[in-house]
$ cat data13.cif   # mmCIF, C-alpha atoms
data_upload
loop_
_atom_site.label_atom_id
_atom_site.label_comp_id
_atom_site.auth_asym_id
_atom_site.auth_seq_id
_atom_site.Cartn_x
_atom_site.Cartn_y
_atom_site.Cartn_z
CA VAL V 71 234.88 165.95 118.24
CA ALA V 72 238.24 167.48 119.05
CA VAL V 73 237.78 170.74 120.89
CA PHE V 74 241.08 171.30 122.66
CA ILE V 75 243.03 174.30 121.42
CA HIS V 76 246.48 173.26 120.31
CA VAL V 77 249.16 175.40 118.67
CA PHE V 78 250.39 173.08 115.96
CA TYR V 79 253.78 172.82 114.32
CA GLY V 80 252.51 174.30 111.10
CA PHE V 81 248.87 173.85 110.16
CA ALA V 82 246.51 170.91 110.32
CA TYR V 83 247.34 168.00 108.07
CA ALA V 84 245.44 164.76 107.73
CA GLY V 85 247.10 162.36 110.14
CA ALA V 86 249.17 164.92 112.03
CA GLY V 87 246.85 165.09 115.02
CA PRO V 88 247.09 166.95 118.31
CA GLU V 89 250.00 164.74 119.39
CA ILE V 90 252.23 167.10 117.37
CA ALA V 91 251.29 170.12 119.49
CA ARG V 92 253.64 172.86 120.63
CA PRO V 93 253.83 173.36 124.40
CA MET V 94 251.68 176.10 125.97
CA LYS V 95 254.04 177.66 128.51
CA GLY V 96 252.40 178.81 131.74
CA LEU V 97 249.43 176.47 131.36
CA GLU V 98 248.96 174.29 134.46
CA SER V 99 245.77 172.39 133.65
CA ARG V 100 242.91 172.18 131.21
CA THR V 101 239.49 170.66 131.94
CA ALA V 102 237.00 169.80 129.22
CA GLU V 103 233.36 168.96 129.88
CA TYR V 104 231.23 167.32 127.19
CA TYR V 105 227.42 167.50 127.15
CA LEU V 106 224.99 165.63 124.92
CA THR V 107 221.60 166.97 123.89
CA ASP V 108 218.67 164.81 124.96
CA GLU V 109 216.91 163.60 121.77
CA ASN V 110 213.50 163.82 123.46
CA ASP V 111 214.14 167.25 125.00
CA PRO V 112 216.52 169.52 123.02
CA THR V 113 216.68 171.95 125.95
CA LEU V 114 218.17 169.28 128.24
CA GLN V 115 221.95 168.92 128.32
CA VAL V 116 223.46 165.79 129.89
CA LEU V 117 227.11 165.59 131.00
CA SER V 118 228.67 162.66 129.13
CA ARG V 119 232.34 162.86 130.09
CA ARG V 120 235.08 165.03 131.57
CA VAL V 121 238.74 165.22 130.54
CA ILE V 122 241.45 166.74 132.75
CA GLU V 123 244.94 167.46 131.43
CA THR V 124 247.98 168.70 133.38
CA PHE V 125 251.15 170.34 132.07
CA ASN V 126 254.73 170.83 133.30
CA GLU V 127 256.66 174.08 133.76
CA VAL V 128 257.52 174.37 130.04
CA GLY V 129 253.95 173.65 128.96
CA ASP V 130 254.25 170.04 127.83
CA LEU V 131 251.39 167.64 128.55
CA THR V 132 252.12 165.37 131.56
CA SER V 133 248.81 163.58 132.19
CA ARG V 134 245.35 163.09 130.74
CA VAL V 135 242.42 161.58 132.65
CA GLU V 136 239.09 160.92 130.91
CA LYS V 137 236.05 159.85 132.95
CA ASP V 138 232.54 159.19 131.68
CA VAL V 139 229.25 159.33 133.59
CA ASN V 140 229.39 155.58 134.25
CA GLY V 141 232.66 155.94 136.11
CA LYS V 142 234.87 154.46 133.40
CA THR V 143 238.27 156.14 133.65
CA VAL V 144 241.10 156.20 131.12
CA LYS V 145 244.40 157.64 132.31
CA ARG V 146 247.50 158.49 130.31
CA VAL V 147 250.88 159.72 131.59
CA TYR V 148 253.50 161.50 129.47
CA LYS V 149 257.25 161.42 130.19
CA HIS V 150 259.74 163.81 128.53
CA ASN V 151 263.49 164.13 128.11
CA TYR V 152 265.10 167.49 127.29
CA ASN V 153 268.50 168.72 126.14
CA ALA V 154 270.57 171.43 127.84
CA GLN V 155 268.70 174.13 125.86
CA GLY V 156 265.35 172.89 127.17
CA GLU V 157 264.26 171.41 123.84
CA VAL V 158 262.36 168.15 124.03
CA LEU V 159 264.29 165.15 122.74
CA ASP V 160 261.72 162.44 123.24
CA ARG V 161 258.32 161.81 124.78
CA ARG V 162 256.49 158.65 125.90
CA GLU V 163 252.80 157.99 126.50
CA LEU V 164 252.07 155.36 129.17
CA ASP V 165 248.84 153.72 130.30
CA ASN V 166 247.81 153.18 133.92
CA ALA V 167 249.85 149.97 134.12
CA GLY V 168 253.00 151.68 132.89
CA ASN V 169 252.92 150.20 129.39
CA VAL V 170 254.33 152.45 126.65
CA LEU V 171 251.61 153.20 124.09
CA ARG V 172 253.27 155.86 121.92
CA THR V 173 256.68 157.47 121.59
CA TRP V 174 257.90 160.70 119.95
CA GLN V 175 261.53 161.35 118.95
CA TYR V 176 262.48 164.93 118.05
CA SER V 177 265.44 165.96 115.90
CA ARG V 178 266.23 169.58 115.05
CA LYS V 179 268.41 169.93 111.93
CA GLN V 180 271.08 172.57 111.22
CA ASP V 181 268.84 174.31 108.68
CA GLY V 182 266.18 174.81 111.38
CA SER V 183 263.84 172.08 110.16
CA LEU V 184 262.37 169.59 112.62
CA GLU V 185 261.77 165.86 112.34
CA ILE V 186 259.42 164.00 114.68
CA LEU V 187 259.25 160.21 114.58
CA VAL V 188 255.97 158.99 116.09
CA THR V 189 255.59 155.32 117.00
CA THR V 190 252.13 153.99 117.90
CA SER V 191 251.06 150.57 119.23
CA VAL V 192 254.59 150.26 120.55
CA LYS V 193 254.21 146.81 122.12
CA ALA V 194 251.68 145.04 119.88
CA ASN V 195 252.14 146.08 116.25
CA PRO V 196 254.38 149.15 115.98
CA LYS V 197 253.60 151.74 113.30
CA LYS V 198 256.05 154.55 112.66
CA HIS V 199 255.40 157.89 110.94
CA LEU V 200 258.03 160.53 110.31
CA TYR V 201 256.80 164.16 110.29
CA VAL V 202 259.11 166.79 108.80
CA PHE V 203 258.53 170.54 109.37
CA ASP V 204 260.33 173.49 107.79
CA LYS V 205 262.04 176.17 109.89
CA GLN V 206 258.82 178.24 109.94
CA GLY V 207 257.02 175.27 111.51
CA ALA V 208 254.91 174.28 108.49
CA LEU V 209 254.58 170.59 107.68
CA LEU V 210 256.67 169.37 104.73
CA SER V 211 256.02 165.65 104.66
CA VAL V 212 254.62 162.62 106.43
CA ALA V 213 256.17 159.24 105.64
CA GLN V 214 255.26 155.85 107.03
CA VAL V 215 258.60 154.34 107.94
CA GLU V 216 257.33 150.76 107.95
CA THR V 217 255.00 150.78 104.95
CA ASP V 218 251.43 149.71 105.60
CA LYS V 219 249.84 147.77 102.73
CA LYS V 220 246.80 150.04 102.92
CA GLU V 221 248.85 153.16 102.27
CA LYS V 222 249.88 153.97 98.71
CA GLY V 223 253.03 156.05 98.79
CA ALA V 224 254.32 158.62 101.26
CA ALA V 225 252.47 161.83 102.00
CA SER V 226 254.27 165.07 101.15
CA VAL V 227 253.40 168.76 101.32
CA LYS V 228 254.33 171.69 99.10
CA ASN V 229 254.18 174.96 101.08
CA ILE V 230 253.72 178.28 99.30
CA TYR V 231 254.55 181.49 101.18
CA GLY V 232 253.42 185.04 100.45
CA PRO V 233 255.62 188.17 100.31
CA ASN V 234 255.24 188.64 104.08
CA GLY V 235 256.49 185.14 104.79
CA GLN V 236 253.02 183.85 105.65
CA LEU V 237 251.91 180.41 104.55
CA ILE V 238 249.21 181.02 101.94
CA GLU V 239 248.80 177.60 100.35
CA GLN V 240 249.56 173.94 100.95
CA VAL V 241 249.33 171.16 98.38
CA GLN V 242 249.17 167.79 100.13
CA MET V 243 250.22 164.80 98.06
CA THR V 244 250.03 161.04 98.48
CA GLY V 245 252.57 159.62 96.10
CA ASP V 246 252.03 161.58 92.86
CA LYS V 247 248.35 162.34 93.51
CA VAL V 248 246.95 165.54 95.04
CA LYS V 249 245.18 164.51 98.23
CA ARG V 250 244.11 167.95 99.43
CA GLN V 251 244.73 171.62 98.74
CA VAL V 252 244.64 174.12 101.60
CA LYS V 253 244.45 177.93 101.27
CA PHE V 254 244.99 180.50 104.03
CA GLU V 255 243.69 184.07 104.31
CA TYR V 256 245.01 186.72 106.73
CA SER V 257 243.84 190.02 108.16
CA ALA V 258 245.64 193.33 107.60
CA LYS V 259 247.32 192.73 110.99
CA GLY V 260 248.68 189.39 109.83
CA LYS V 261 246.30 187.20 111.84
CA LEU V 262 244.89 184.07 110.23
CA GLN V 263 241.25 184.67 109.26
CA ARG V 264 240.25 181.67 107.18
CA ARG V 265 241.60 178.24 106.32
CA THR V 266 239.93 176.32 103.50
CA GLU V 267 240.56 172.72 102.45
CA TYR V 268 239.65 171.40 99.00
CA GLN V 269 239.32 167.75 98.04
CA GLY V 270 242.14 166.62 95.80
CA SER V 271 239.97 164.23 93.82
CA ASN V 272 237.46 166.80 92.57
CA GLY V 273 238.46 170.22 93.91
CA ASN V 274 235.26 170.62 95.93
CA ILE V 275 235.44 172.37 99.29
CA ALA V 276 235.94 169.85 102.13
CA LEU V 277 236.43 171.99 105.23
CA GLU V 278 236.45 175.65 106.16
CA GLU V 279 237.70 177.21 109.38
CA SER V 280 237.27 180.84 110.37
CA TYR V 281 239.23 182.58 113.13
CA ASN V 282 238.56 185.44 115.51
CA GLU V 283 240.56 188.66 115.76
CA VAL V 284 243.31 187.06 117.88
CA GLY V 285 243.68 184.02 115.64
CA ASP V 286 241.74 181.36 117.57
CA THR V 287 239.34 179.06 115.70
CA SER V 288 235.77 180.41 115.84
CA THR V 289 233.94 178.11 113.40
CA THR V 290 234.76 174.83 111.67
CA GLU V 291 232.50 173.48 108.91
CA ILE V 292 232.86 170.12 107.17
CA TYR V 293 231.13 169.61 103.81
CA ASP V 294 229.78 166.59 101.98
CA HIS V 295 231.61 165.01 99.04
CA TYR V 296 229.99 167.48 96.64
CA GLY V 297 231.15 170.51 98.62
CA ILE V 298 227.59 171.81 98.97
CA VAL V 299 226.01 170.67 102.26
CA VAL V 300 227.61 171.34 105.66
CA VAL V 301 227.37 167.97 107.43
CA GLU V 302 229.30 168.94 110.56
CA GLN V 303 229.86 172.24 112.37
CA THR V 304 231.71 173.33 115.51
CA VAL V 305 231.41 176.86 116.94
CA HIS V 306 233.64 178.35 119.66
CA ASP V 307 233.07 181.28 122.03
CA TYR V 308 236.10 182.28 124.12
CA LYS V 309 236.79 184.20 127.30
CA TYR V 310 240.27 185.71 127.76
CA ASP V 311 242.25 187.13 130.67
CA ASP V 312 244.01 190.53 130.62
CA ALA V 313 247.10 188.89 129.13
CA GLY V 314 245.07 187.58 126.18
CA ARG V 315 245.19 183.95 127.30
CA ILE V 316 242.17 181.70 126.89
CA LEU V 317 240.24 181.15 130.14
CA GLU V 318 237.19 179.37 128.71
CA ASP V 319 236.24 177.87 125.38
CA ASP V 320 232.48 177.33 125.15
CA TRP V 321 231.83 175.19 122.09
CA SER V 322 228.91 173.52 120.35
CA HIS V 323 229.02 170.75 117.77
CA GLN V 324 226.40 169.47 115.35
CA LYS V 325 226.68 166.56 112.96
CA ILE V 326 224.29 164.99 110.48
CA VAL V 327 224.17 161.23 111.05
CA GLY V 328 221.84 159.53 108.58
CA ARG V 329 218.72 161.71 108.73
CA LYS V 330 219.28 162.84 112.31
CA LEU V 331 221.12 165.87 113.65
CA LYS V 332 223.36 164.92 116.58
CA SER V 333 224.31 167.73 118.95
CA GLU V 334 227.04 168.01 121.58
CA ASN V 335 228.43 170.98 123.45
CA GLY V 336 230.77 171.72 126.29
CA CYS V 337 233.39 173.97 127.77
CA VAL V 338 237.16 173.83 128.17
CA TYR V 339 238.56 175.60 131.23
CA TYR V 340 242.19 176.76 131.39
CA GLU V 341 244.28 177.39 134.52
CA TYR V 342 247.69 179.11 134.41
CA GLU V 343 250.62 179.63 136.74
CA LEU V 344 250.28 182.67 138.97
#

$ encode --input "data13.cif" --output "structure tokens"
Amino acid sequence: VAVFIHVFYGFAYAGAGPEIARPMKGLESRTAEYYLTDENDPTLQVLSRRVIETFNEVGDLTSRVEKDVNGKTVKRVYKHNYNAQGEVLDRRELDNAGNVLRTWQYSRKQDGSLEILVTTSVKANPKKHLYVFDKQGALLSVAQVETDKKEKGAASVKNIYGPNGQLIEQVQMTGDKVKRQVKFEYSAKGKLQRRTEYQGSNGNIALEESYNEVGDTSTTEIYDHYGIVVVEQTVHDYKYDDAGRILEDDWSHQKIVGRKLKSENGCVYYEYEL
């Protein structure tokens, strides 16, 4: 379950992922602890893994170290290049041996739109996806540059804005078929309150996210194919500093697997520059 809080370019889109996250300036490190519930004793929480991330002076991710209870460690390092204005031009993800795993190439257009070319499995079997965002930061399209036989047509997004310039609806397409429809609701103060995804094939609700008064995700619910039963839920409880920055994100996650309810919870701790 993804529990890190990222400020995305635009809103979530299938396939976009946290690798398209805006930098969080002032953030030095972020530590996430994951706990599993003992099936024989629901009151017992067992630490399963810990993830530590570090960031540079502009808030871009520089390293990620994941370690489980058995001592297995996975480390990733991120290298960036910037232009004279401090905008990122490219980014590379390297493993512990220095091999390049993923690359990002950023291109800001004259109309304010942004293109990000993401290449994965750089050495073995490269796959390239081009993400295009409008000047407001909302996703416009995702195209696989080297077409995969499993993918039928490029993914595109139609963004609909309200009178206040807020994104109120997205229609996500794959080729000429509606893949998903997303609707957004805001408070009187303009903060995002609810984000609801509907399945393109039948129009049933697929996912619903609610947000707290400052716009951080409070609850995420994933529904079954019929849009009736919640099969997965994540709940967040935050602590903030006087500047309104997140200090802690206590979260819990439940998922129905077969006839069993799997539970996991944890906390993400944030440290900022003084």

$ residues_around --input "data13.cif" --residues "range 226-237 of chain V" --least-positions-apart "4" --cutoff "8 Å" --atoms "all atoms listed in the file" --output "JSON, numbers by chain"
{"V": [208, 209, 210, 211, 212, 213, 241, 242, 243, 244, 245, 254]}

$ residues_around --input "data13.cif" --residues "Val147 in chain V" --least-positions-apart "2" --cutoff "9 Å" --atoms "only C-alpha atoms" --output "PyMOL selection string"
chain V and resi 131-135+145+149+162-166+168

$ residues_around --input "data13.cif" --residues "Lys205 in chain V" --least-positions-apart "3" --cutoff "9 Å" --atoms "all atoms listed in the file" --output "PDB file with C-alpha atoms, in the coordinates of the input"
ATOM      1  CA  ASP V 181     268.840 174.310 108.680  1.00  0.00           C
ATOM      2  CA  GLY V 182     266.180 174.810 111.380  1.00  0.00           C
ATOM      3  CA  SER V 183     263.840 172.080 110.160  1.00  0.00           C
ATOM      4  CA  LEU V 184     262.370 169.590 112.620  1.00  0.00           C
ATOM      5  CA  ALA V 208     254.910 174.280 108.490  1.00  0.00           C
TER       6      ALA V 208
END

$ atom_distance --input "data13.cif" --atom1 "CA of Gly297 in chain V" --atom2 "CA of Arg329 in chain V"
18.3 Å

$ resolve_selection --input "data13.cif" --expression "the PyMOL selection byres ((chain V and resi 302) around 7)" --output "number ranges by chain"
V: 291-292, 300-301, 303, 324-326

$ resolve_selection --input "data13.cif" --expression "the PyMOL selection byres ((chain V and resi 159) around 8)" --output "VMD selection string"
chain V and resid 150 to 153 157 to 158 160 to 161 175 to 177

$ closest_residue --input "data13.cif" --among "V:His295, V:Arg315, V:Lys247, V:Arg146" --to "Tyr339 in chain V" --atoms "all atoms listed in the file"
V:Arg315

$ resolve_selection --input "data13.cif" --expression "the PyMOL selection byres ((chain V and resi 340) around 6)" --output "PyMOL selection string"
chain V and resi 100+317+339+341

$ residues_around --input "data13.cif" --residues "Gln251 in chain V" --least-positions-apart "5" --cutoff "8 Å" --atoms "all atoms listed in the file" --output "list in words"
Glu239, Gln240, Val241, Gln242, Glu267, Tyr268, Gln269 and Gly270 of chain V

$ write_last_selection --input "data13.cif" --atoms "C-alpha atoms" --output "mmCIF file, in the coordinates of the input"
data_model
loop_
_atom_site.group_PDB
_atom_site.id
_atom_site.type_symbol
_atom_site.label_atom_id
_atom_site.label_comp_id
_atom_site.auth_asym_id
_atom_site.auth_seq_id
_atom_site.Cartn_x
_atom_site.Cartn_y
_atom_site.Cartn_z
ATOM 1 C CA GLU V 239 248.800 177.600 100.350
ATOM 2 C CA GLN V 240 249.560 173.940 100.950
ATOM 3 C CA VAL V 241 249.330 171.160 98.380
ATOM 4 C CA GLN V 242 249.170 167.790 100.130
ATOM 5 C CA GLU V 267 240.560 172.720 102.450
ATOM 6 C CA TYR V 268 239.650 171.400 99.000
ATOM 7 C CA GLN V 269 239.320 167.750 98.040
ATOM 8 C CA GLY V 270 242.140 166.620 95.800
#

$ residues_around --input "data13.cif" --residues "Glu343 in chain V" --least-positions-apart "4" --cutoff "9 Å" --atoms "all atoms listed in the file" --output "PyMOL selection string"
chain V and resi 96-98+127

$ residues_near_point --input "data13.cif" --point "(243.2, 180.1, 98.2)" --cutoff "8 Å" --atoms "only C-alpha atoms" --output "VMD selection string"
chain V and resid 238 to 239 252 to 255 266

$ atom_distance --input "data13.cif" --atom1 "CA of Val248 in chain V" --atom2 "CA of Gly273 in chain V"
9.8 Å

$ atom_distance --input "data13.cif" --atom1 "CA of Thr143 in chain V" --atom2 "CA of Glu103 in chain V"
14.2 Å

$ closest_residue --input "data13.cif" --among "V:Leu171, V:Val202, V:Ala225, V:Leu344" --to "Lys249 in chain V" --atoms "all atoms listed in the file"
V:Ala225

$ closest_residue --input "data13.cif" --among "V:Leu331, V:Val116, V:Ala102, V:Ile186" --to "Tyr201 in chain V" --atoms "only C-alpha atoms"
V:Ile186

$ residues_near_point --input "data13.cif" --point "(230.5, 171.7, 120.5)" --cutoff "9 Å" --atoms "all atoms listed in the file" --output "count of residues only"
19

$ closest_residue --input "data13.cif" --among "V:Asn272, V:Thr173, V:Gln180, V:Thr101" --to "Val121 in chain V" --atoms "all atoms listed in the file"
V:Thr101
